[in-house]
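Structure file my_file-v9.csv with CSV, C-alpha atoms and all ligand atoms:
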```csv
chain,number,residue,atom,x,y,z
Q,812,MET,CA,-8.2,-13.5,5.6
Q,813,THR,CA,-9.1,-11.5,2.5
Q,814,PRO,CA,-12.9,-11.0,2.5
Q,815,VAL,CA,-14.5,-12.5,-0.6
Q,816,GLY,CA,-14.9,-9.9,-3.3
Q,817,ALA,CA,-12.6,-7.3,-1.7
Q,818,GLN,CA,-10.1,-5.6,-4.0
Q,819,ALA,CA,-6.8,-3.8,-3.4
Q,820,ILE,CA,-5.9,-1.3,-6.1
Q,821,SER,CA,-2.3,-0.1,-6.1
Q,822,VAL,CA,-1.6,3.6,-6.5
Q,823,GLY,CA,1.7,3.5,-8.3
Q,824,GLY,CA,3.0,0.8,-5.9
Q,825,ARG,CA,3.1,3.4,-3.1
Q,826,TYR,CA,-0.1,2.5,-1.4
Q,827,ASP,CA,-3.3,0.5,-1.9
Q,828,VAL,CA,-7.0,1.4,-1.9
Q,829,HIS,CA,-8.8,-1.5,-0.4
Q,830,VAL,CA,-12.5,-1.8,-1.5
Q,831,GLY,CA,-15.1,-4.4,-0.4
Q,832,PRO,CA,-17.1,-5.8,2.4
Q,833,GLY,CA,-15.0,-6.4,5.5
Q,834,VAL,CA,-11.9,-4.4,4.6
Q,835,LEU,CA,-11.8,-2.6,8.0
Q,836,ASP,CA,-10.1,-5.8,9.3
Q,837,ARG,CA,-7.0,-4.8,7.3
Q,838,LEU,CA,-6.5,-1.8,9.6
Q,839,SER,CA,-4.8,-3.7,12.4
Q,840,GLY,CA,-1.6,-4.0,10.5
Q,841,TRP,CA,-0.9,-0.3,10.8
Q,842,VAL,CA,-1.8,0.2,14.5
Q,843,THR,CA,0.4,-2.3,16.4
Q,844,GLY,CA,3.1,-1.6,18.9
Q,845,GLY,CA,1.4,1.1,21.1
Q,846,ARG,CA,1.1,3.5,18.2
Q,847,ARG,CA,-1.0,6.6,18.9
Q,848,VAL,CA,-3.8,6.9,16.5
Q,849,MET,CA,-6.0,10.0,16.1
Q,850,VAL,CA,-9.3,9.2,14.4
Q,851,ILE,CA,-10.6,12.5,12.9
Q,852,HIS,CA,-14.2,12.0,12.0
Q,853,GLN,CA,-17.3,13.9,10.9
Q,854,PRO,CA,-20.4,13.6,13.1
Q,855,GLY,CA,-22.8,10.8,12.5
Q,856,ARG,CA,-20.7,7.7,11.6
Q,857,THR,CA,-21.0,6.5,15.2
Q,858,ALA,CA,-20.9,2.7,14.7
Q,859,LEU,CA,-18.1,2.9,12.2
Q,860,VAL,CA,-16.0,5.1,14.5
Q,861,ALA,CA,-16.6,2.8,17.4
Q,862,GLY,CA,-15.5,-0.1,15.3
Q,863,VAL,CA,-12.3,1.7,14.3
Q,864,LEU,CA,-11.4,2.6,17.9
Q,865,GLU,CA,-12.1,-0.9,19.0
Q,866,GLN,CA,-9.9,-2.3,16.2
Q,867,ILE,CA,-7.0,0.1,17.1
Q,868,ARG,CA,-7.2,-0.9,20.8
Q,869,ALA,CA,-7.4,-4.6,20.0
Q,870,ALA,CA,-4.3,-4.3,17.9
Q,871,GLY,CA,-2.4,-2.7,20.8
Q,872,GLY,CA,-2.7,0.9,19.5
Q,873,GLU,CA,-3.6,4.0,21.6
Q,874,ALA,CA,-6.9,5.3,20.2
Q,875,HIS,CA,-8.0,8.9,20.3
Q,876,ALA,CA,-11.2,10.2,18.6
Q,877,HIS,CA,-11.6,13.8,17.4
Q,878,GLU,CA,-14.9,14.9,16.0
Q,879,VAL,CA,-15.0,17.7,13.5
Q,880,PRO,CA,-18.0,19.6,12.0
Q,881,ASP,CA,-19.9,18.2,9.1
Q,882,ALA,CA,-19.2,18.8,5.4
Q,883,GLU,CA,-17.3,21.9,4.3
Q,884,ALA,CA,-17.4,23.4,7.8
Q,885,ALA,CA,-14.7,20.8,8.6
Q,886,LYS,CA,-12.3,22.4,6.1
Q,887,ASP,CA,-11.7,25.5,8.2
Q,888,VAL,CA,-8.5,26.8,9.8
Q,889,SER,CA,-10.1,26.9,13.2
Q,890,VAL,CA,-11.0,23.2,12.9
Q,891,LEU,CA,-7.4,22.5,11.7
Q,892,ALA,CA,-6.1,24.3,14.8
Q,893,GLY,CA,-8.4,22.3,17.0
Q,894,ALA,CA,-7.0,19.1,15.5
Q,895,TRP,CA,-3.4,20.2,16.0
Q,896,GLN,CA,-4.2,21.0,19.6
Q,897,ALA,CA,-5.6,17.5,20.1
Q,898,LEU,CA,-2.5,16.0,18.7
Q,899,GLY,CA,-0.3,18.2,20.8
Q,900,LEU,CA,-2.2,17.4,24.0
Q,901,ALA,CA,-2.0,13.6,23.3
Q,902,GLY,CA,1.7,13.8,22.6
Q,903,PHE,CA,1.6,12.7,19.0
Q,904,THR,CA,5.1,12.0,17.6
Q,905,ARG,CA,6.4,11.4,14.1
Q,906,ASP,CA,5.7,7.7,14.4
Q,907,ASP,CA,2.0,8.1,15.1
Q,908,LEU,CA,-1.0,7.9,12.8
Q,909,VAL,CA,-3.9,10.0,11.7
Q,910,ILE,CA,-7.1,8.3,10.4
Q,911,GLY,CA,-9.8,10.3,8.5
Q,912,VAL,CA,-13.4,9.0,8.6
Q,913,GLY,CA,-16.2,10.6,6.6
Q,914,GLY,CA,-16.9,12.3,3.3
Q,915,GLY,CA,-14.4,14.1,1.2
Q,916,ALA,CA,-14.4,17.1,3.5
Q,917,ALA,CA,-13.4,15.1,6.6
Q,918,THR,CA,-10.7,13.2,4.7
Q,919,ASP,CA,-9.4,16.4,3.0
Q,920,LEU,CA,-9.0,17.9,6.5
Q,921,ALA,CA,-7.6,14.8,8.1
Q,922,GLY,CA,-5.1,14.4,5.3
Q,923,PHE,CA,-4.0,18.0,5.8
Q,924,VAL,CA,-3.6,17.6,9.5
Q,925,ALA,CA,-1.4,14.6,8.8
Q,926,ALA,CA,0.6,16.5,6.2
Q,927,THR,CA,1.3,19.4,8.6
Q,928,TRP,CA,1.8,17.7,12.0
Q,929,LEU,CA,5.6,17.5,12.5
Q,930,ARG,CA,5.9,18.2,8.8
Q,931,GLY,CA,4.1,15.0,7.9
Q,932,VAL,CA,2.9,11.9,9.7
Q,933,ASP,CA,1.2,8.8,8.3
Q,934,ALA,CA,-2.5,9.0,7.3
Q,935,ILE,CA,-5.0,6.4,6.5
Q,936,GLN,CA,-8.3,7.3,4.9
Q,937,LEU,CA,-11.7,5.6,5.5
Q,938,PRO,CA,-14.0,7.5,3.1
Q,939,THR,CA,-17.7,7.0,3.7
Q,940,SER,CA,-19.2,8.8,0.7
Q,941,LEU,CA,-19.0,7.6,-3.0
Q,942,LEU,CA,-17.3,10.9,-4.1
Q,943,GLY,CA,-15.0,10.5,-1.1
Q,944,VAL,CA,-13.7,7.1,-2.1
Q,945,VAL,CA,-13.5,7.5,-5.9
Q,946,ASP,CA,-12.2,11.0,-5.9
Q,947,ALA,CA,-11.1,12.7,-2.7
Q,948,ALA,CA,-9.2,9.8,-1.1
Q,949,VAL,CA,-7.1,9.0,-4.2
Q,950,GLY,CA,-4.3,11.2,-5.5
Q,951,GLY,CA,-2.8,12.8,-2.3
Q,952,LYS,CA,-4.5,16.2,-2.5
Q,953,THR,CA,-5.4,17.5,1.0
Q,954,GLY,CA,-6.5,20.9,2.2
Q,955,ILE,CA,-8.9,23.4,3.6
Q,956,ASN,CA,-10.9,26.4,2.5
Q,957,THR,CA,-10.4,30.1,3.2
Q,958,ALA,CA,-12.8,33.0,3.0
Q,959,GLU,CA,-11.3,33.7,-0.4
Q,960,GLY,CA,-12.2,30.3,-1.9
Q,961,LYS,CA,-12.3,26.5,-1.7
Q,962,ASN,CA,-9.2,24.4,-1.4
Q,963,LEU,CA,-6.8,27.4,-1.6
Q,964,VAL,CA,-4.6,26.0,1.2
Q,965,GLY,CA,-3.3,22.5,1.0
Q,966,ALA,CA,-0.6,20.0,0.5
Q,967,PHE,CA,0.2,16.8,-1.4
Q,968,HIS,CA,0.3,14.0,1.2
Q,969,GLU,CA,-0.4,10.5,0.1
Q,970,PRO,CA,-2.0,8.2,2.6
Q,971,ARG,CA,-0.5,4.9,3.7
Q,972,ALA,CA,-3.8,3.2,2.7
Q,973,VAL,CA,-7.4,3.9,1.9
Q,974,LEU,CA,-10.0,1.5,3.1
Q,975,CYS,CA,-13.6,1.6,2.0
Q,976,ASP,CA,-16.4,-0.9,2.7
Q,977,PRO,CA,-19.2,0.0,0.3
Q,978,THR,CA,-21.8,-0.9,3.0
Q,979,TRP,CA,-20.7,2.3,4.8
Q,980,LEU,CA,-22.4,4.1,2.0
Q,981,ARG,CA,-25.8,2.6,2.9
Q,982,SER,CA,-26.8,5.6,5.0
Q,983,MET,CA,-26.0,8.1,2.3
Q,984,ALA,CA,-28.9,10.2,1.0
Q,985,ARG,CA,-29.8,8.8,-2.4
Q,986,PRO,CA,-29.3,12.0,-4.3
Q,987,ASP,CA,-25.7,12.3,-2.9
Q,988,LEU,CA,-25.0,8.7,-3.8
Q,989,VAL,CA,-26.3,9.1,-7.4
Q,990,SER,CA,-24.4,12.4,-7.7
Q,991,GLY,CA,-21.2,10.4,-6.8
Q,992,LEU,CA,-22.0,8.0,-9.6
Q,993,ALA,CA,-21.4,10.8,-12.1
Q,994,GLU,CA,-17.7,10.7,-11.3
Q,995,VAL,CA,-17.7,6.9,-11.7
Q,996,ILE,CA,-19.4,7.1,-15.1
Q,997,LYS,CA,-16.9,9.8,-16.0
Q,998,CYS,CA,-14.1,7.3,-15.4
Q,999,GLY,CA,-16.0,4.9,-17.7
Q,1000,PHE,CA,-16.1,7.5,-20.5
Q,1001,ILE,CA,-12.5,8.6,-20.3
Q,1002,ALA,CA,-10.9,5.3,-19.6
Q,1003,ASP,CA,-12.9,2.2,-18.7
Q,1004,PRO,CA,-15.9,1.3,-20.9
Q,1005,THR,CA,-16.6,-1.8,-18.7
Q,1006,ILE,CA,-17.9,0.7,-16.1
Q,1007,LEU,CA,-20.6,1.9,-18.6
Q,1008,THR,CA,-21.5,-1.7,-19.4
Q,1009,LEU,CA,-21.9,-2.6,-15.8
Q,1010,VAL,CA,-24.1,0.5,-15.1
Q,1011,GLU,CA,-26.3,-0.1,-18.1
Q,1012,ALA,CA,-26.7,-3.8,-17.4
Q,1013,ASP,CA,-28.3,-3.1,-14.0
Q,1014,PRO,CA,-28.7,0.6,-13.1
Q,1015,ALA,CA,-30.6,-0.2,-9.8
Q,1016,SER,CA,-27.7,-2.3,-8.5
Q,1017,ALA,CA,-25.2,0.4,-9.6
Q,1018,SER,CA,-26.7,2.7,-7.1
Q,1019,ASP,CA,-27.1,0.1,-4.3
Q,1020,PRO,CA,-24.2,0.0,-1.8
Q,1021,THR,CA,-25.0,-3.6,-0.8
Q,1022,ALA,CA,-24.8,-4.9,-4.4
Q,1023,ALA,CA,-21.6,-6.7,-5.4
Q,1024,VAL,CA,-21.3,-4.6,-8.5
Q,1025,MET,CA,-20.8,-1.5,-6.2
Q,1026,THR,CA,-17.4,-2.9,-5.1
Q,1027,GLU,CA,-16.5,-3.5,-8.8
Q,1028,LEU,CA,-17.6,0.0,-9.9
Q,1029,ILE,CA,-15.7,1.7,-7.1
Q,1030,SER,CA,-12.6,-0.4,-7.7
Q,1031,ARG,CA,-12.7,0.4,-11.4
Q,1032,ALA,CA,-13.1,4.1,-10.9
Q,1033,VAL,CA,-10.4,4.2,-8.3
Q,1034,ALA,CA,-8.1,2.3,-10.7
Q,1035,VAL,CA,-8.7,4.9,-13.4
Q,1036,LYS,CA,-7.9,7.8,-11.1
Q,1037,ALA,CA,-4.9,5.9,-9.7
Q,1038,ARG,CA,-3.5,5.2,-13.2
Q,1039,VAL,CA,-4.0,8.8,-14.3
Q,1040,VAL,CA,-2.6,10.4,-11.2
Q,1041,ASP,CA,0.4,8.1,-11.3
Q,1042,ALA,CA,1.1,8.7,-15.0
Q,1043,ASP,CA,0.7,12.4,-14.3
Q,1044,LEU,CA,3.7,12.3,-12.0
Q,1045,HIS,CA,5.8,11.5,-15.1
Q,1046,GLU,CA,3.9,13.2,-17.9
Q,1047,SER,CA,2.4,16.4,-16.6
Q,1048,GLY,CA,-1.0,17.3,-17.9
Q,1049,LEU,CA,-2.6,13.9,-18.1
Q,1050,ARG,CA,-4.4,14.5,-14.8
Q,1051,GLU,CA,-6.5,17.0,-16.8
Q,1052,ILE,CA,-8.6,14.2,-18.3
Q,1053,LEU,CA,-10.2,13.7,-14.8
Q,1054,ASN,CA,-11.7,17.1,-15.4
Q,1055,TYR,CA,-13.9,15.7,-18.2
Q,1056,GLY,CA,-17.3,17.5,-17.9
Q,1057,HIS,CA,-15.9,19.9,-15.3
Q,1058,THR,CA,-15.5,23.1,-17.3
Q,1059,PHE,CA,-19.3,23.5,-17.8
Q,1060,ALA,CA,-20.0,21.9,-14.4
Q,1061,HIS,CA,-18.0,24.5,-12.6
Q,1062,ALA,CA,-20.0,27.2,-14.5
Q,1063,ILE,CA,-23.3,25.7,-13.3
Q,1064,GLU,CA,-22.0,25.4,-9.8
Q,1065,GLN,CA,-21.0,29.1,-9.9
Q,1066,VAL,CA,-24.2,30.5,-11.3
Q,1067,GLU,CA,-26.2,28.3,-9.0
Q,1068,HIS,CA,-24.1,29.4,-6.0
Q,1069,TYR,CA,-23.2,25.8,-5.2
Q,1070,ALA,CA,-26.8,24.7,-4.7
Q,1071,TRP,CA,-26.3,22.1,-7.3
Q,1072,ARG,CA,-24.6,18.8,-6.3
Q,1073,HIS,CA,-21.1,18.5,-7.9
Q,1074,GLY,CA,-21.8,15.2,-9.6
Q,1075,ASP,CA,-25.1,16.4,-11.0
Q,1076,ALA,CA,-23.3,19.4,-12.6
Q,1077,VAL,CA,-20.6,17.0,-13.9
Q,1078,SER,CA,-23.3,14.9,-15.5
Q,1079,VAL,CA,-24.6,17.8,-17.5
Q,1080,GLY,CA,-21.1,19.0,-18.1
Q,1081,MET,CA,-20.2,15.7,-19.8
Q,1082,VAL,CA,-23.2,15.9,-22.1
Q,1083,PHE,CA,-22.2,19.5,-22.9
Q,1084,ALA,CA,-18.6,18.4,-23.7
Q,1085,ALA,CA,-19.9,15.6,-25.9
Q,1086,GLU,CA,-22.2,18.1,-27.7
Q,1087,VAL,CA,-19.1,20.3,-28.3
Q,1088,ALA,CA,-17.0,17.3,-29.5
Q,1089,VAL,CA,-19.7,16.2,-32.0
Q,1090,ARG,CA,-20.2,19.7,-33.3
Q,1091,SER,CA,-16.4,20.1,-33.6
Q,1092,GLY,CA,-16.3,17.0,-35.7
Q,1093,VAL,CA,-14.2,14.8,-33.3
Q,1094,LEU,CA,-16.9,12.6,-31.8
Q,1095,SER,CA,-19.6,10.5,-33.4
Q,1096,PRO,CA,-23.2,11.3,-32.4
Q,1097,ASP,CA,-23.9,7.8,-31.1
Q,1098,VAL,CA,-21.3,8.3,-28.3
Q,1099,LEU,CA,-23.1,11.6,-27.4
Q,1100,GLU,CA,-26.4,9.6,-27.2
Q,1101,HIS,CA,-24.6,7.0,-25.1
Q,1102,HIS,CA,-23.8,9.7,-22.5
Q,1103,ARG,CA,-27.5,10.6,-22.2
Q,1104,THR,CA,-28.7,6.9,-21.9
Q,1105,VAL,CA,-26.1,5.9,-19.2
Q,1106,LEU,CA,-26.5,9.0,-17.1
Q,1107,ARG,CA,-30.3,9.0,-17.3
Q,1108,SER,CA,-30.4,5.3,-16.4
Q,1109,VAL,CA,-29.2,6.1,-12.9
Q,1110,GLY,CA,-31.3,9.3,-12.6
Q,1111,LEU,CA,-28.6,11.8,-13.3
Q,1112,PRO,CA,-29.5,15.1,-15.0
Q,1113,THR,CA,-28.5,15.6,-18.7
Q,1114,SER,CA,-29.9,19.1,-19.3
Q,1115,TYR,CA,-29.6,22.5,-17.8
Q,1116,ALA,CA,-31.5,25.7,-18.6
Q,1117,GLY,CA,-31.3,27.6,-15.3
Q,1118,ALA,CA,-29.2,30.5,-16.5
Q,1119,PRO,CA,-28.7,32.3,-19.8
Q,1120,TRP,CA,-25.7,31.4,-22.0
Q,1121,GLU,CA,-23.9,34.7,-21.4
Q,1122,GLN,CA,-23.7,34.1,-17.7
Q,1123,LEU,CA,-22.4,30.6,-18.1
Q,1124,ARG,CA,-19.9,31.7,-20.7
Q,1125,ALA,CA,-18.6,34.4,-18.3
Q,1126,ALA,CA,-18.4,31.8,-15.4
Q,1127,MET,CA,-16.3,29.5,-17.6
Q,1128,ALA,CA,-13.9,32.3,-18.5
Q,1129,ARG,CA,-13.4,32.9,-14.8
Q,1130,ASP,CA,-12.6,29.3,-14.1
Q,1131,LYS,CA,-9.1,28.8,-12.8
Q,1132,LYS,CA,-8.5,26.0,-15.4
Q,1133,SER,CA,-9.0,28.3,-18.4
Q,1134,ARG,CA,-6.0,30.3,-19.8
Q,1135,GLY,CA,-7.0,33.9,-20.3
Q,1136,SER,CA,-10.1,34.1,-22.4
Q,1137,THR,CA,-9.4,30.9,-24.3
Q,1138,LEU,CA,-11.6,28.0,-23.0
Q,1139,ARG,CA,-10.0,24.6,-22.6
Q,1140,PHE,CA,-12.1,21.5,-22.7
Q,1141,VAL,CA,-11.4,17.8,-22.3
Q,1142,VAL,CA,-13.4,16.1,-25.0
Q,1143,LEU,CA,-13.6,12.5,-26.3
Q,1144,SER,CA,-12.9,11.2,-29.8
Q,1145,GLY,CA,-14.4,8.0,-28.6
Q,1146,VAL,CA,-15.1,6.1,-25.4
Q,1147,GLY,CA,-11.7,5.8,-23.6
Q,1148,ALA,CA,-10.1,8.4,-25.9
Q,1149,PRO,CA,-9.9,11.8,-24.2
Q,1150,GLN,CA,-8.1,14.7,-25.8
Q,1151,ARG,CA,-7.8,18.5,-25.1
Q,1152,LEU,CA,-9.8,21.0,-27.2
Q,1153,GLU,CA,-8.5,24.5,-26.9
Q,1154,GLY,CA,-10.5,27.6,-27.9
Q,1155,PRO,CA,-13.5,25.9,-29.6
Q,1156,ASP,CA,-15.6,27.9,-32.0
Q,1157,GLU,CA,-18.0,30.2,-30.1
Q,1158,GLN,CA,-20.8,29.2,-32.4
Q,1159,VAL,CA,-20.2,25.5,-31.5
Q,1160,LEU,CA,-20.4,26.4,-27.8
Q,1161,ILE,CA,-23.7,28.3,-28.3
Q,1162,GLU,CA,-25.2,25.4,-30.2
Q,1163,ALA,CA,-24.0,22.9,-27.6
Q,1164,PHE,CA,-25.6,25.0,-24.9
Q,1165,THR,CA,-28.8,25.2,-26.8
Q,1166,ALA,CA,-28.9,21.5,-27.2
Q,1167,VAL,CA,-28.2,20.9,-23.5
Q,1168,ALA,CA,-30.8,23.5,-22.5
Q,1169,ASP,CA,-33.5,22.1,-24.9
Q,1170,ALA,CA,-33.1,18.4,-24.3
Q,1171,GLY,CA,-35.2,18.2,-21.1
Q,1201,LIG,N1,-8.7,15.7,-2.4
Q,1201,LIG,C1,-9.2,15.6,-3.6
Q,1201,LIG,O1,-8.6,15.2,-4.5
Q,1201,LIG,C2,-10.7,15.9,-3.7
Q,1201,LIG,C3,-11.4,15.4,-4.9
Q,1201,LIG,C4,-12.8,15.6,-5.0
Q,1201,LIG,C5,-13.4,16.3,-3.9
Q,1201,LIG,N2,-12.7,16.7,-2.8
Q,1201,LIG,C6,-13.4,17.3,-1.7
Q,1201,LIG,O2,-14.4,16.4,-1.2
Q,1201,LIG,C7,-15.5,17.2,-0.6
Q,1201,LIG,C8,-16.7,16.6,-1.2
Q,1201,LIG,O3,-16.9,15.3,-0.8
Q,1201,LIG,P1,-18.3,14.7,-0.3
Q,1201,LIG,O4,-19.2,14.8,-1.5
Q,1201,LIG,O5,-18.0,13.4,0.3
Q,1201,LIG,O6,-18.8,15.8,0.7
Q,1201,LIG,P2,-18.9,15.9,2.3
Q,1201,LIG,O7,-17.7,15.3,2.9
Q,1201,LIG,O8,-19.2,17.3,2.5
Q,1201,LIG,O9,-20.1,14.9,2.6
Q,1201,LIG,C9,-21.4,15.3,2.1
Q,1201,LIG,C10,-22.4,14.9,3.1
Q,1201,LIG,O10,-22.5,13.5,3.1
Q,1201,LIG,C11,-22.5,13.1,4.5
Q,1201,LIG,N3,-22.0,11.7,4.5
Q,1201,LIG,C12,-20.8,11.2,4.2
Q,1201,LIG,N4,-20.7,9.9,4.4
Q,1201,LIG,C13,-22.0,9.5,4.7
Q,1201,LIG,C14,-22.6,8.3,5.0
Q,1201,LIG,N5,-21.9,7.1,4.8
Q,1201,LIG,N6,-23.9,8.3,5.3
Q,1201,LIG,C15,-24.6,9.4,5.4
Q,1201,LIG,N7,-24.1,10.6,5.2
Q,1201,LIG,C16,-22.8,10.7,4.8
Q,1201,LIG,C17,-21.7,14.1,5.2
Q,1201,LIG,O11,-21.9,14.1,6.6
Q,1201,LIG,C18,-22.1,15.3,4.5
Q,1201,LIG,O12,-23.2,15.9,5.1
Q,1201,LIG,C19,-15.2,18.6,-1.0
Q,1201,LIG,O13,-14.7,19.3,0.1
Q,1201,LIG,C20,-14.2,18.5,-2.1
Q,1201,LIG,O14,-13.4,19.7,-2.2
Q,1201,LIG,C21,-11.4,16.5,-2.7
Q,1202,ZN,ZN,-15.3,16.3,-9.8
```
Could you rewrite the structure in this file as structure tokens?
Amino acid sequence: MTPVGAQAISVGGRYDVHVGPGVLDRLSGWVTGGRRVMVIHQPGRTALVAGVLEQIRAAGGEAHAHEVPDAEAAKDVSVLAGAWQALGLAGFTRDDLVIGVGGGAATDLAGFVAATWLRGVDAIQLPTSLLGVVDAAVGGKTGINTAEGKNLVGAFHEPRAVLCDPTWLRSMARPDLVSGLAEVIKCGFIADPTILTLVEADPASASDPTAAVMTELISRAVAVKARVVDADLHESGLREILNYGHTFAHAIEQVEHYAWRHGDAVSVGMVFAAEVAVRSGVLSPDVLEHHRTVLRSVGLPTSYAGAPWEQLRAAMARDKKSRGSTLRFVVLSGVGAPQRLEGPDEQVLIEAFTAVADAG
């Protein structure tokens, strides 16, 4: 039976992202008939992993568990090799299944394992972090890091399904949860104003994994990413709007040596992009103010003065998304109306930075 309040968001008709309390029950449909299932999981999600293994066995599947190191340490070629070895030893064939359990790092690795084993076997993702469900588990990007940089090796491999019960997020550290909300709010600004209304109506519930509104916020953010990713298959370039706030965010992350949480940097980055848009004459100042009120309501940062402008400007020029020395930004002309801004006036950028650095 469909749990009350659970949602299924279709990604281009190819697979569904199931969000809501009790969605784990939906797993059994994929694990019948003696299918071998490798559950690749990060450390720490013990009760969830036990529940997944039990569910596989109850449905007649052959359950295997494979723990990988936490966070980015999972996205390493040695860990990948360990997972391949586990699949080989357990005799995994083309008809078998890989399940990823954990944050975005664990699901990125598990997806890449599935993409590469026998040139591609089925994957199902069970993201346990907010960023993991609204960003990493949707869109089919999988991969690992190398010494030369993050996500340099990977493959497109869409999962058969994504399941996320928001109550799995209960154990997340609050700053990580709030940071993930920045990507949700980003989806609100680029495509779905209802997200902003829901967050502002009750900011405390918006960061509470047990509140009903969490299911709706996740579902709406997933729906935005699903729509964009799918449209991008036909009209290349649309996916870029998901990078709203990310040009300046990547610069902060670089100069802070990745000590800043990604979502926190995106939060400031969106304010910066809105400052640029207002000063370039494409956005009205009240939408800029709206950025500050929504982001602050959940405790996200809206200012950054940790490094001089020259350093941030140089970091933006190095970003892989920029073309030569010309900076490219996604800006808004209104809520839900993103557009590209290429090579904005340097004076505008400096003024936008000054505003973001001042507005403590
Ligand atoms: N594939 C994509 O399209 C895509 C998109 C965005 C991000 N990513 C990737 O996702 C990763 C970031 O995701 P993330 O923020 O989930 O990071 P993460 O996987 O490193 O998890 C962050 C921390 O949260 C912990 N955690 C996860 N779920 C938890 C829970 N329920 N309770 C307590 N702790 C929990 C993890 O153990 C880890 O320590 C990066 O590797 C990034 O490259 C991929
Ligand atoms: Zn992001």
Would you kindly return, as a VMD selection string, each protein, DNA or RNA residue with an atom no farther than 9 Å from any atom of Ser1095 of chain Q, considering only C-alpha atoms and excluding same-chain residues fewer than 6 positions away?
chain Q and resid 1088 to 1089 1144 to 1145
Once you add 5 Å to each side, what are the centre and edge lengths of the axis-aligned box holding all listed atoms of ligand LIG 1201 (chain Q)? One decimal in Å, as lines of an AutoDock Vina configuration file, if you can.
```
center_x = -16.6
center_y = 13.4
center_z = 0.8
size_x = 26.0
size_y = 22.6
size_z = 21.6
```
In terms of the shortest atom-to-atom distance over only C-alpha atoms, which of Q:Arg847, Q:Arg981, Q:Arg930, Q:Arg1151 is closest to Leu1053 of chain Q?
Q:Arg1151
Pick the closest to ligand LIG 1201 (chain Q) from Q:Thr1113, Q:Gln866, Q:Ser1078, Q:Gln853: which is it, counting all atoms listed in the file?
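For ligand LIG 1201 (chain Q), the nearest of the given residues is Q:Gln853.
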Interatomic distance between atom CA of Ala947 of chain Q and atom C7 of ligand LIG 1201 (chain Q)?
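So the two atoms, atom CA of Ala947 of chain Q and atom C7 of ligand LIG 1201 (chain Q), lie 6.6 Å apart.
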Which residue is closest to ligand LIG 1201 (chain Q)? Choose from Q:Thr927, Q:Ser1016, Q:Asn1054, Q:Thr1008 and count all atoms listed in the file.
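Closest candidate: Q:Asn1054.
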May I have the residues within 7 Å of Val830 of chain Q as a list in words, using all atoms listed in the file and disregarding those fewer than 6 positions away in the same chain?
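These residues fall inside the cut-off: Ala817, Gln818, Ala819, Leu974, Cys975, Asp976, Thr1026 and Ser1030 of chain Q.
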Pick from Q:Ala1126, Q:Val888, Q:Gly872, Q:Gly1147, whichever lies nearest to Val964 of chain Q using only C-alpha atoms
Q:Val888
For Gly991 of chain Q, which residue out of Q:Gly950, Q:Gly1110, Q:Pro1004, Q:Pro1119 is the nearest one, using only C-alpha atoms?
Q:Gly1110
Ligand ZN 1202 (chain Q): which residues are within 7 Å, counting all atoms listed in the file, as a PyMOL selection string?
chain Q and resi 994+1054+1057+1073-1074+1077
Show me which residues are within 6 Å of ligand LIG 1201 (chain Q) counting all atoms listed in the file, and format the list as a ChimeraX atom specification.
/Q:881-883,913-917,919,939-940,942-943,946-947,950,952-953,979-980,982-983
How many Å separate atom CA of Ala897 of chain Q from atom CA of Gly911 of chain Q?
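Between atom CA of Ala897 of chain Q and atom CA of Gly911 of chain Q the gap works out to 14.3 Å.
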Record the distance separating atom CA of Gly1056 of chain Q and atom CA of Ala1084 of chain Q, expressed in Å with one decimal.
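Result for atom CA of Gly1056 of chain Q versus atom CA of Ala1084 of chain Q: 6.0 Å, one decimal.
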Kindly indicate which residue among Q:Ala1085, Q:Ala993, Q:Ala1037, Q:Val944 lies nearest to Leu1152 of chain Q, using all atoms listed in the file for the distances.
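Of Q:Ala1085, Q:Ala993, Q:Ala1037, Q:Val944, the one nearest Leu1152 of chain Q, counting all atoms listed in the file, is Q:Ala1085.
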Tell me which protein, DNA and RNA residues are within 12 Å of Gln896 of chain Q, counting only C-alpha atoms, leaving out same-chain ones fewer than 4 positions away, and put them as a VMD selection string.
chain Q and resid 849 877 889 to 892 900 to 903 924 928
Save the residues we just selected, C-alpha atoms, as an mmCIF file, in the coordinates of the input?
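Generated file (again15.cif):
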```cif
data_model
loop_
_atom_site.group_PDB
_atom_site.id
_atom_site.type_symbol
_atom_site.label_atom_id
_atom_site.label_comp_id
_atom_site.auth_asym_id
_atom_site.auth_seq_id
_atom_site.Cartn_x
_atom_site.Cartn_y
_atom_site.Cartn_z
ATOM 1 C CA MET Q 849 -6.000 10.000 16.100
ATOM 2 C CA HIS Q 877 -11.600 13.800 17.400
ATOM 3 C CA SER Q 889 -10.100 26.900 13.200
ATOM 4 C CA VAL Q 890 -11.000 23.200 12.900
ATOM 5 C CA LEU Q 891 -7.400 22.500 11.700
ATOM 6 C CA ALA Q 892 -6.100 24.300 14.800
ATOM 7 C CA LEU Q 900 -2.200 17.400 24.000
ATOM 8 C CA ALA Q 901 -2.000 13.600 23.300
ATOM 9 C CA GLY Q 902 1.700 13.800 22.600
ATOM 10 C CA PHE Q 903 1.600 12.700 19.000
ATOM 11 C CA VAL Q 924 -3.600 17.600 9.500
ATOM 12 C CA TRP Q 928 1.800 17.700 12.000
#
```
Counting all atoms listed in the file, which residues come within 10 Å of (8.4, 5.7, 16.5), with the point read in the file's coordinates, and could you list them as an MDAnalysis selection string?
chainID Q and resid 844:847 904:907
Name all residues at most 12 Å from Val1024 of chain Q (count only C-alpha atoms; drop same-chain ones fewer than 6 positions away) and give them as a list of chain:residue names.
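So, after excluding close chain neighbours, the residues are Q:Gly816, Q:Ala817, Q:Val830, Q:Gly831, Q:Pro832, Q:Pro977, Q:Thr1005, Q:Ile1006, Q:Thr1008, Q:Leu1009, Q:Val1010, Q:Glu1011, Q:Ala1012, Q:Asp1013, Q:Pro1014, Q:Ala1015, Q:Ser1016, Q:Ala1017, Q:Ser1018, Q:Ser1030, Q:Arg1031.
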